[in-house]
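Source file: my_file.csv (CSV, C-alpha atoms and all ligand atoms)
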```
chain,number,residue,atom,x,y,z
A,974,MET,CA,-6.2,0.1,11.1
A,975,ILE,CA,-3.0,1.3,9.6
A,976,ASP,CA,-3.1,3.1,6.3
A,977,ILE,CA,0.2,2.7,4.3
A,978,HIS,CA,-0.7,4.8,1.3
A,979,SER,CA,-2.1,8.3,1.2
A,980,HIS,CA,-1.6,11.7,-0.4
A,981,LEU,CA,-2.4,13.9,2.6
A,982,LEU,CA,0.8,15.9,3.0
A,983,PRO,CA,-0.6,19.3,2.1
A,984,GLY,CA,0.4,21.0,-1.1
A,985,VAL,CA,3.1,18.7,-2.3
A,986,ASP,CA,1.5,16.5,-5.0
A,987,ASP,CA,-1.9,15.9,-6.5
A,988,GLY,CA,-3.4,15.1,-3.1
A,989,SER,CA,-4.6,17.4,-0.3
A,990,SER,CA,-3.9,21.0,-1.1
A,991,SER,CA,-4.3,22.5,2.4
A,992,ILE,CA,-3.8,21.8,6.1
A,993,GLN,CA,-7.5,22.2,6.6
A,994,GLN,CA,-8.3,19.6,4.0
A,995,THR,CA,-5.8,17.2,5.5
A,996,LEU,CA,-7.1,17.7,9.1
A,997,GLU,CA,-10.6,17.0,7.8
A,998,GLN,CA,-9.5,13.8,6.1
A,999,LEU,CA,-7.5,12.6,9.2
A,1000,ARG,CA,-10.5,13.3,11.4
A,1001,ILE,CA,-12.8,11.1,9.2
A,1002,MET,CA,-10.2,8.4,9.2
A,1003,ALA,CA,-9.5,8.5,13.0
A,1004,GLN,CA,-13.3,8.4,13.7
A,1005,ALA,CA,-13.6,5.3,11.6
A,1006,GLY,CA,-10.8,3.4,13.4
A,1007,THR,CA,-7.6,4.3,11.6
A,1008,ASN,CA,-4.9,4.9,14.2
A,1009,LYS,CA,-1.8,5.4,12.0
A,1010,VAL,CA,-1.3,6.8,8.5
A,1011,TYR,CA,1.7,6.9,6.3
A,1012,LEU,CA,1.8,10.0,4.2
A,1013,THR,CA,3.2,8.9,0.9
A,1014,PRO,CA,3.6,11.8,-1.6
A,1015,HIS,CA,4.5,10.9,-5.2
A,1016,PHE,CA,8.1,11.0,-6.1
A,1017,MET,CA,8.2,11.2,-9.9
A,1018,ARG,CA,11.4,12.3,-11.5
A,1019,ASN,CA,11.0,15.7,-13.2
A,1020,LEU,CA,7.4,16.1,-12.1
A,1021,TYR,CA,7.1,15.6,-8.3
A,1022,ASN,CA,10.5,16.2,-6.8
A,1023,ASN,CA,9.4,15.2,-3.3
A,1024,THR,CA,12.7,14.3,-1.7
A,1025,ARG,CA,12.7,13.6,2.0
A,1026,SER,CA,14.5,16.9,2.6
A,1027,ALA,CA,11.7,18.7,0.8
A,1028,THR,CA,8.8,16.9,2.6
A,1029,ARG,CA,10.2,16.8,6.1
A,1030,PRO,CA,9.5,20.4,7.1
A,1031,VAL,CA,5.9,20.1,5.7
A,1032,PHE,CA,5.5,16.9,7.7
A,1033,ASP,CA,6.8,18.4,10.9
A,1034,ASN,CA,4.5,21.4,10.6
A,1035,LEU,CA,1.5,19.1,10.0
A,1036,LEU,CA,2.4,17.1,13.1
A,1037,GLN,CA,2.1,20.2,15.2
A,1038,LYS,CA,-1.2,21.2,13.6
A,1039,VAL,CA,-2.7,17.7,14.1
A,1040,LYS,CA,-1.7,17.8,17.7
A,1041,SER,CA,-3.2,21.2,18.3
A,1042,ALA,CA,-6.4,20.3,16.5
A,1043,GLY,CA,-6.7,17.3,18.8
A,1044,VAL,CA,-6.9,14.7,16.1
A,1045,ASN,CA,-6.0,11.3,17.6
A,1046,ILE,CA,-3.9,9.7,14.8
A,1047,SER,CA,-0.3,9.0,14.5
A,1048,LEU,CA,1.6,9.9,11.3
A,1049,GLU,CA,4.6,8.6,9.5
A,1050,LEU,CA,6.4,10.2,6.5
A,1051,GLY,CA,6.7,8.0,3.5
A,1052,CYS,CA,6.7,8.1,-0.3
A,1053,GLU,CA,5.1,6.5,-3.3
A,1054,PHE,CA,8.1,6.1,-5.6
A,1055,PHE,CA,7.6,6.1,-9.4
A,1056,ILE,CA,10.2,3.3,-10.2
A,1057,ASP,CA,12.9,4.0,-12.8
A,1058,ASN,CA,16.4,3.0,-13.5
A,1059,GLN,CA,17.9,5.5,-11.1
A,1060,ALA,CA,15.8,4.3,-8.2
A,1061,VAL,CA,18.5,3.0,-6.0
A,1062,GLU,CA,20.6,6.2,-5.9
A,1063,THR,CA,17.5,8.4,-5.3
A,1064,VAL,CA,15.8,6.2,-2.7
A,1065,LYS,CA,19.1,5.8,-0.8
A,1066,ALA,CA,20.1,9.5,-0.9
A,1067,GLU,CA,16.7,10.7,0.1
A,1068,ASN,CA,15.4,7.8,2.3
A,1069,LEU,CA,12.3,7.4,0.2
A,1070,THR,CA,11.0,4.5,2.2
A,1071,LEU,CA,7.9,4.1,4.5
A,1072,GLY,CA,8.9,5.9,7.7
A,1073,ASP,CA,12.4,4.7,8.8
A,1074,SER,CA,11.8,1.2,7.4
A,1075,ASN,CA,13.5,-0.4,4.4
A,1076,TYR,CA,10.1,-0.8,2.7
A,1077,VAL,CA,9.6,1.1,-0.6
A,1078,LEU,CA,6.1,1.6,-1.9
A,1079,PHE,CA,6.4,1.9,-5.7
A,1080,GLU,CA,4.3,2.6,-8.7
A,1081,SER,CA,4.8,2.5,-12.4
A,1082,MET,CA,3.1,3.4,-15.6
A,1083,LEU,CA,-0.6,2.4,-15.3
A,1084,GLN,CA,-1.1,2.2,-19.1
A,1085,GLN,CA,1.9,-0.1,-19.7
A,1086,LEU,CA,4.3,-1.7,-17.3
A,1087,PRO,CA,7.9,-1.3,-18.5
A,1088,SER,CA,9.4,-4.4,-20.0
A,1089,ASP,CA,12.4,-4.1,-17.6
A,1090,ILE,CA,10.3,-3.6,-14.5
A,1091,PHE,CA,11.9,-6.7,-12.7
A,1092,SER,CA,15.3,-5.4,-13.4
A,1093,MET,CA,14.4,-2.1,-11.7
A,1094,THR,CA,12.8,-3.9,-8.7
A,1095,TYR,CA,15.8,-6.3,-8.5
A,1096,GLN,CA,18.2,-3.4,-8.2
A,1097,LEU,CA,16.3,-2.1,-5.2
A,1098,GLN,CA,16.1,-5.5,-3.6
A,1099,LYS,CA,19.8,-6.1,-4.1
A,1100,ALA,CA,20.4,-2.8,-2.3
A,1101,GLY,CA,18.5,-4.1,0.7
A,1102,TYR,CA,15.0,-2.7,0.1
A,1103,LYS,CA,11.7,-4.6,0.4
A,1104,LEU,CA,9.2,-3.7,-2.2
A,1105,ILE,CA,5.5,-3.0,-2.1
A,1106,MET,CA,3.7,-2.5,-5.4
A,1107,ALA,CA,0.9,0.0,-5.1
A,1108,HIS,CA,-2.5,-0.9,-6.5
A,1109,PRO,CA,-1.5,-3.8,-9.0
A,1110,GLU,CA,-5.2,-4.0,-10.0
A,1111,ARG,CA,-5.0,-0.6,-11.7
A,1112,TYR,CA,-2.4,-1.6,-14.3
A,1113,SER,CA,-3.7,-2.3,-17.8
A,1114,ASN,CA,-1.4,-5.3,-18.2
A,1115,ILE,CA,-2.7,-6.8,-15.0
A,1116,ILE,CA,-6.3,-6.0,-15.8
A,1117,LYS,CA,-5.8,-7.9,-19.1
A,1118,SER,CA,-3.9,-10.8,-17.6
A,1119,PRO,CA,-4.5,-10.8,-13.8
A,1120,SER,CA,-2.2,-13.8,-13.4
A,1121,LEU,CA,0.7,-11.4,-14.2
A,1122,ALA,CA,0.4,-10.3,-10.6
A,1123,GLU,CA,1.7,-13.7,-9.6
A,1124,ASP,CA,5.0,-12.8,-11.3
A,1125,PHE,CA,5.4,-10.0,-8.8
A,1126,LEU,CA,4.8,-12.4,-5.9
A,1127,HIS,CA,7.4,-14.7,-7.4
A,1128,HIS,CA,9.8,-11.8,-7.4
A,1129,ASP,CA,9.2,-11.3,-3.6
A,1130,ILE,CA,7.2,-8.1,-4.2
A,1131,TYR,CA,4.4,-7.4,-1.8
A,1132,LEU,CA,1.0,-6.3,-3.2
A,1133,GLN,CA,-1.1,-3.4,-1.9
A,1134,ILE,CA,-4.7,-3.2,-3.2
A,1135,ASN,CA,-6.6,0.0,-3.0
A,1136,ALA,CA,-9.7,0.1,-0.7
A,1137,GLY,CA,-11.6,2.0,-3.4
A,1138,SER,CA,-10.9,-0.7,-6.0
A,1139,LEU,CA,-12.6,-3.3,-3.8
A,1140,LEU,CA,-15.6,-0.9,-3.5
A,1141,GLY,CA,-15.8,-0.3,-7.3
A,1142,GLN,CA,-14.7,3.3,-7.1
A,1143,TYR,CA,-12.3,3.0,-10.1
A,1144,GLY,CA,-14.8,1.3,-12.4
A,1145,ARG,CA,-15.8,-2.2,-13.3
A,1146,ASN,CA,-12.5,-3.6,-14.7
A,1147,ILE,CA,-10.4,-2.5,-11.7
A,1148,HIS,CA,-13.1,-3.7,-9.3
A,1149,HIS,CA,-13.1,-7.2,-10.9
A,1150,THR,CA,-9.3,-7.3,-11.0
A,1151,ALA,CA,-9.1,-6.4,-7.3
A,1152,LEU,CA,-11.6,-9.2,-6.4
A,1153,TRP,CA,-9.8,-11.7,-8.7
A,1154,LEU,CA,-6.5,-11.0,-6.8
A,1155,LEU,CA,-8.2,-11.2,-3.4
A,1156,ASP,CA,-10.0,-14.4,-4.3
A,1157,ARG,CA,-6.7,-16.0,-5.0
A,1158,GLY,CA,-5.1,-14.5,-1.9
A,1159,PHE,CA,-2.7,-12.3,-3.9
A,1160,ALA,CA,-2.6,-9.4,-1.5
A,1161,HIS,CA,-0.6,-8.3,1.5
A,1162,PHE,CA,-2.0,-4.9,2.3
A,1163,ILE,CA,-5.1,-2.8,1.6
A,1164,ALA,CA,-4.7,1.0,1.8
A,1165,SER,CA,-6.7,4.1,1.0
A,1166,ASP,CA,-4.6,6.0,-1.5
A,1167,ASN,CA,-6.5,8.9,-0.2
A,1168,HIS,CA,-6.0,12.1,-2.3
A,1169,GLY,CA,-7.8,14.3,0.1
A,1170,ASP,CA,-11.2,13.9,-1.3
A,1171,HIS,CA,-12.9,11.2,0.7
A,1172,ARG,CA,-16.3,11.9,2.2
A,1173,MET,CA,-16.1,8.8,4.4
A,1174,SER,CA,-13.4,6.3,5.3
A,1175,VAL,CA,-12.9,3.9,2.4
A,1176,LEU,CA,-10.6,1.9,4.6
A,1177,ALA,CA,-13.3,1.2,7.1
A,1178,GLU,CA,-15.8,0.4,4.3
A,1179,ALA,CA,-13.3,-2.0,2.6
A,1180,TYR,CA,-12.5,-3.5,6.0
A,1181,ASN,CA,-16.2,-4.4,6.5
A,1182,PHE,CA,-16.3,-5.8,2.9
A,1183,VAL,CA,-13.3,-8.0,3.4
A,1184,SER,CA,-14.3,-9.3,6.8
A,1185,GLN,CA,-17.8,-10.1,5.5
A,1186,HIS,CA,-16.6,-11.9,2.3
A,1187,TYR,CA,-13.2,-13.3,3.4
A,1188,GLY,CA,-13.4,-13.4,7.2
A,1189,ASP,CA,-12.1,-11.3,10.2
A,1190,LYS,CA,-8.7,-13.0,10.2
A,1191,ILE,CA,-7.9,-11.9,6.7
A,1192,ALA,CA,-9.3,-8.4,7.2
A,1193,GLU,CA,-7.2,-8.1,10.3
A,1194,MET,CA,-4.1,-9.2,8.4
A,1195,LEU,CA,-4.5,-6.9,5.5
A,1196,PHE,CA,-5.5,-3.7,7.4
A,1197,GLU,CA,-3.7,-4.1,10.7
A,1198,SER,CA,-1.1,-6.8,11.3
A,1199,ASN,CA,0.8,-6.7,8.0
A,1200,PRO,CA,1.0,-2.9,8.0
A,1201,ALA,CA,2.2,-3.1,11.7
A,1202,ARG,CA,5.0,-5.4,10.6
A,1203,ILE,CA,6.6,-2.7,8.4
A,1204,GLY,CA,9.8,-1.5,10.1
A,1205,THR,CA,10.0,-4.7,12.3
A,1206,ALA,CA,11.8,-8.0,11.7
A,1207,ASP,CA,8.4,-9.8,11.4
A,1208,LYS,CA,7.5,-11.4,8.1
A,1209,ILE,CA,4.7,-9.9,6.1
A,1210,GLU,CA,2.1,-12.6,5.5
A,1211,LEU,CA,0.4,-13.5,2.2
A,1212,ILE,CA,-3.2,-14.6,2.3
A,1213,ASN,CA,-3.2,-18.1,1.0
A,1214,HIS,CA,-6.1,-19.3,-1.0
A,1215,TRP,CA,-6.3,-22.4,1.1
A,1216,ARG,CA,-7.0,-20.2,4.1
A,1217,LEU,CA,-10.0,-18.6,2.5
A,1218,PRO,CA,-13.3,-20.0,3.9
A,1219,GLY,CA,-14.6,-23.1,2.1
A,1220,LYS,CA,-11.4,-23.8,0.2
A,1221,PRO,CA,-9.9,-27.3,0.9
A,1222,VAL,CA,-6.3,-27.5,2.0
A,1223,SER,CA,-4.2,-29.3,-0.7
A,1224,LEU,CA,-1.6,-31.9,0.2
A,1225,TRP,CA,1.2,-29.7,-1.1
A,1226,HIS,CA,0.2,-26.9,1.2
A,1227,LYS,CA,-0.2,-29.3,4.1
A,1228,LEU,CA,3.4,-30.5,3.5
A,1229,LYS,CA,4.7,-27.0,3.1
A,1230,ARG,CA,3.1,-25.9,6.3
A,1231,PHE,CA,4.5,-29.0,8.0
A,1232,PHE,CA,8.1,-28.5,6.9
A,1233,THR,CA,8.3,-24.7,7.0
A,1234,GLY,CA,5.7,-23.8,9.6
A,1235,TYR,CA,4.8,-21.0,7.3
A,1236,GLU,CA,1.4,-20.7,5.6
A,1301,FE,FE,-1.0,6.8,-4.6
```
Just give me the structure of the file as structure tokens.
Ligand SMILES: [Fe+2]
Amino acid sequence: MIDIHSHLLPGVDDGSSSIQQTLEQLRIMAQAGTNKVYLTPHFMRNLYNNTRSATRPVFDNLLQKVKSAGVNISLELGCEFFIDNQAVETVKAENLTLGDSNYVLFESMLQQLPSDIFSMTYQLQKAGYKLIMAHPERYSNIIKSPSLAEDFLHHDIYLQINAGSLLGQYGRNIHHTALWLLDRGFAHFIASDNHGDHRMSVLAEAYNFVSQHYGDKIAEMLFESNPARIGTADKIELINHWRLPGKPVSLWHKLKRFFTGYE
């Protein structure tokens, strides 16, 4: 599995506070089958000024420690960017993407998505970035009207659901919203959003849950193959509801598949 969202860069945001804590979390993750983790500290203007130049030395030091501790996991430096109207300049100047890719993992205000959110996302897309929205199921607006998530899909924004949401760790409403999204195939990635406090691998638990309820192929796509496509020319796949077990394939989808070859 590849985890594209975690707060395990020690001492830089509200995640892991020490190298020891990070090593412990990485050990748990590696033992449960995660082979690559993107470290995605928050960038929030005026609160977490985690520019790439600030995080790079911490990351390089951690790489050495992971190697000498013998933890078998590969790491990439990333960012969870709190989107605003100056996003393009900051992301560009500081390479606040996932690794060296052009994918930006972004978040916004959980209590209220800004009314101009699609103007912010469009500015980044126009500048050549591909966007992944972190944990759509945690936004009040989407909890109230889950179909709003479809607007993000229509704006070519990828959706990353938190493993813990699927397991009910953020409460009932978020749990139901995550399942609602997954039932309709509105997800491209599942990630841990690990803040350094996991006693077991939520990613492995969520993988089992998804493969049991939605099938191995979909679990493999959300936890492995889609994350592996970041930084490559390969297209990220969307689960389509007609691929879920038991759902009939509609004529429209058959025609689309016939003409485009894309499910
Ligand atoms: Fe996060």
- Message: Which residues are near Tyr1095 (chain A)? Cut-off 12 Å, all atoms listed in the file, ignore same chain within fewer than 3 positions. Put them as a ChimeraX atom specification.
- Response: /A:1056-1058,1060-1061,1089-1092,1098-1104,1125,1127-1130
Find the residues around Pro1030 (chain A) up to 12 Å (all atoms listed in the file counted), leave out those fewer than 6 positions away in its own chain, and share them as a tab-separated table (two decimals) with C-alpha atoms, in the frame of the given file.
```tsv
chain	number	residue	atom	x	y	z
A	982	LEU	CA	0.80	15.90	3.00
A	983	PRO	CA	-0.60	19.30	2.10
A	985	VAL	CA	3.10	18.70	-2.30
A	1023	ASN	CA	9.40	15.20	-3.30
A	1024	THR	CA	12.70	14.30	-1.70
A	1036	LEU	CA	2.40	17.10	13.10
A	1037	GLN	CA	2.10	20.20	15.20
A	1050	LEU	CA	6.40	10.20	6.50
```
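With only C-alpha atoms and all ligand atoms as the atoms that count, the minimum distance from ligand FE 1301 (chain A) to the choices A:Thr1205, A:Ser1138, A:Asn1167, A:Ser1184 is reached by A:Asn1167.
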query = If you count only C-alpha atoms and all ligand atoms, which residues end up within 7 Å of ligand FE 1301 (chain A), as a VMD selection string?
reply = chain A and resid 978 to 980 1015 1053 1166
- CA of Ile1191 (chain A) to CA of Gly1158 (chain A), distance in Å rounded to a single decimal: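 Separation between CA of Ile1191 (chain A) and CA of Gly1158 (chain A): 9.4 Å.
Distance check against Ser990 (chain A) using only C-alpha atoms: of A:Leu1097, A:Ile1212, A:Val1031, A:Met1002, the minimum falls on A:Val1031.
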Two-atom distance - CA of Met1194 (chain A), CA of Gly1144 (chain A) (Å):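 Interatomic distance, CA of Met1194 (chain A) to CA of Gly1144 (chain A): 25.6 Å.
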Between A:Cys1052, A:Ala1003, A:Leu1083, A:Leu1211, which is the closest to Ile977 (chain A) once you count only C-alpha atoms?
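Closest to Ile977 (chain A), using only C-alpha atoms: A:Cys1052.
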Computed gap from CA of Arg1029 (chain A) to CA of Thr1063 (chain A) is 15.9 Å
Best match for closeness to Ser1198 (chain A) among A:Leu1126, A:Val1077, A:Asp976, A:Leu1069, counting all atoms listed in the file:
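For Ser1198 (chain A), the nearest of the candidates is A:Asp976.
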Counting only C-alpha atoms, which residues come within 12 Å of (-14.4, -3.4, -5.5), with the point read in the file's coordinates, and could you list them as a ChimeraX atom specification? /A:1110-1111,1134-1156,1163,1175,1178-1180,1182-1183,1186
Quick one: 6 Å padding each side, axis-aligned, all listed atoms of region 1098-1102 of chain A - centre and edge lengths in Å to one decimal, as lines of an AutoDock Vina configuration file?
```
center_x = 17.7
center_y = -4.4
center_z = -1.7
size_x = 17.4
size_y = 15.4
size_z = 16.8
```
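Minimum atom-to-atom distances from A:Val1064, A:Ala1206, A:Leu1012, A:Leu1086 to Asp986 (chain A) were compared using all atoms listed in the file, and the lowest value belongs to A:Leu1012.
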Between A:Met1106, A:Glu997, A:Glu1210, A:Gln1185, which is the closest to Ala1164 (chain A) once you count all atoms listed in the file?
->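 Counting all atoms listed in the file, the residue closest to Ala1164 (chain A) is A:Met1106.
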- Please identify all polymer residues lying at most 7 Å from the point (0.2, 3.9, 8.1) (file coordinates), using only C-alpha atoms, and present the result as a PyMOL selection string. chain A and resi 975-978+1009-1011+1048-1049+1200
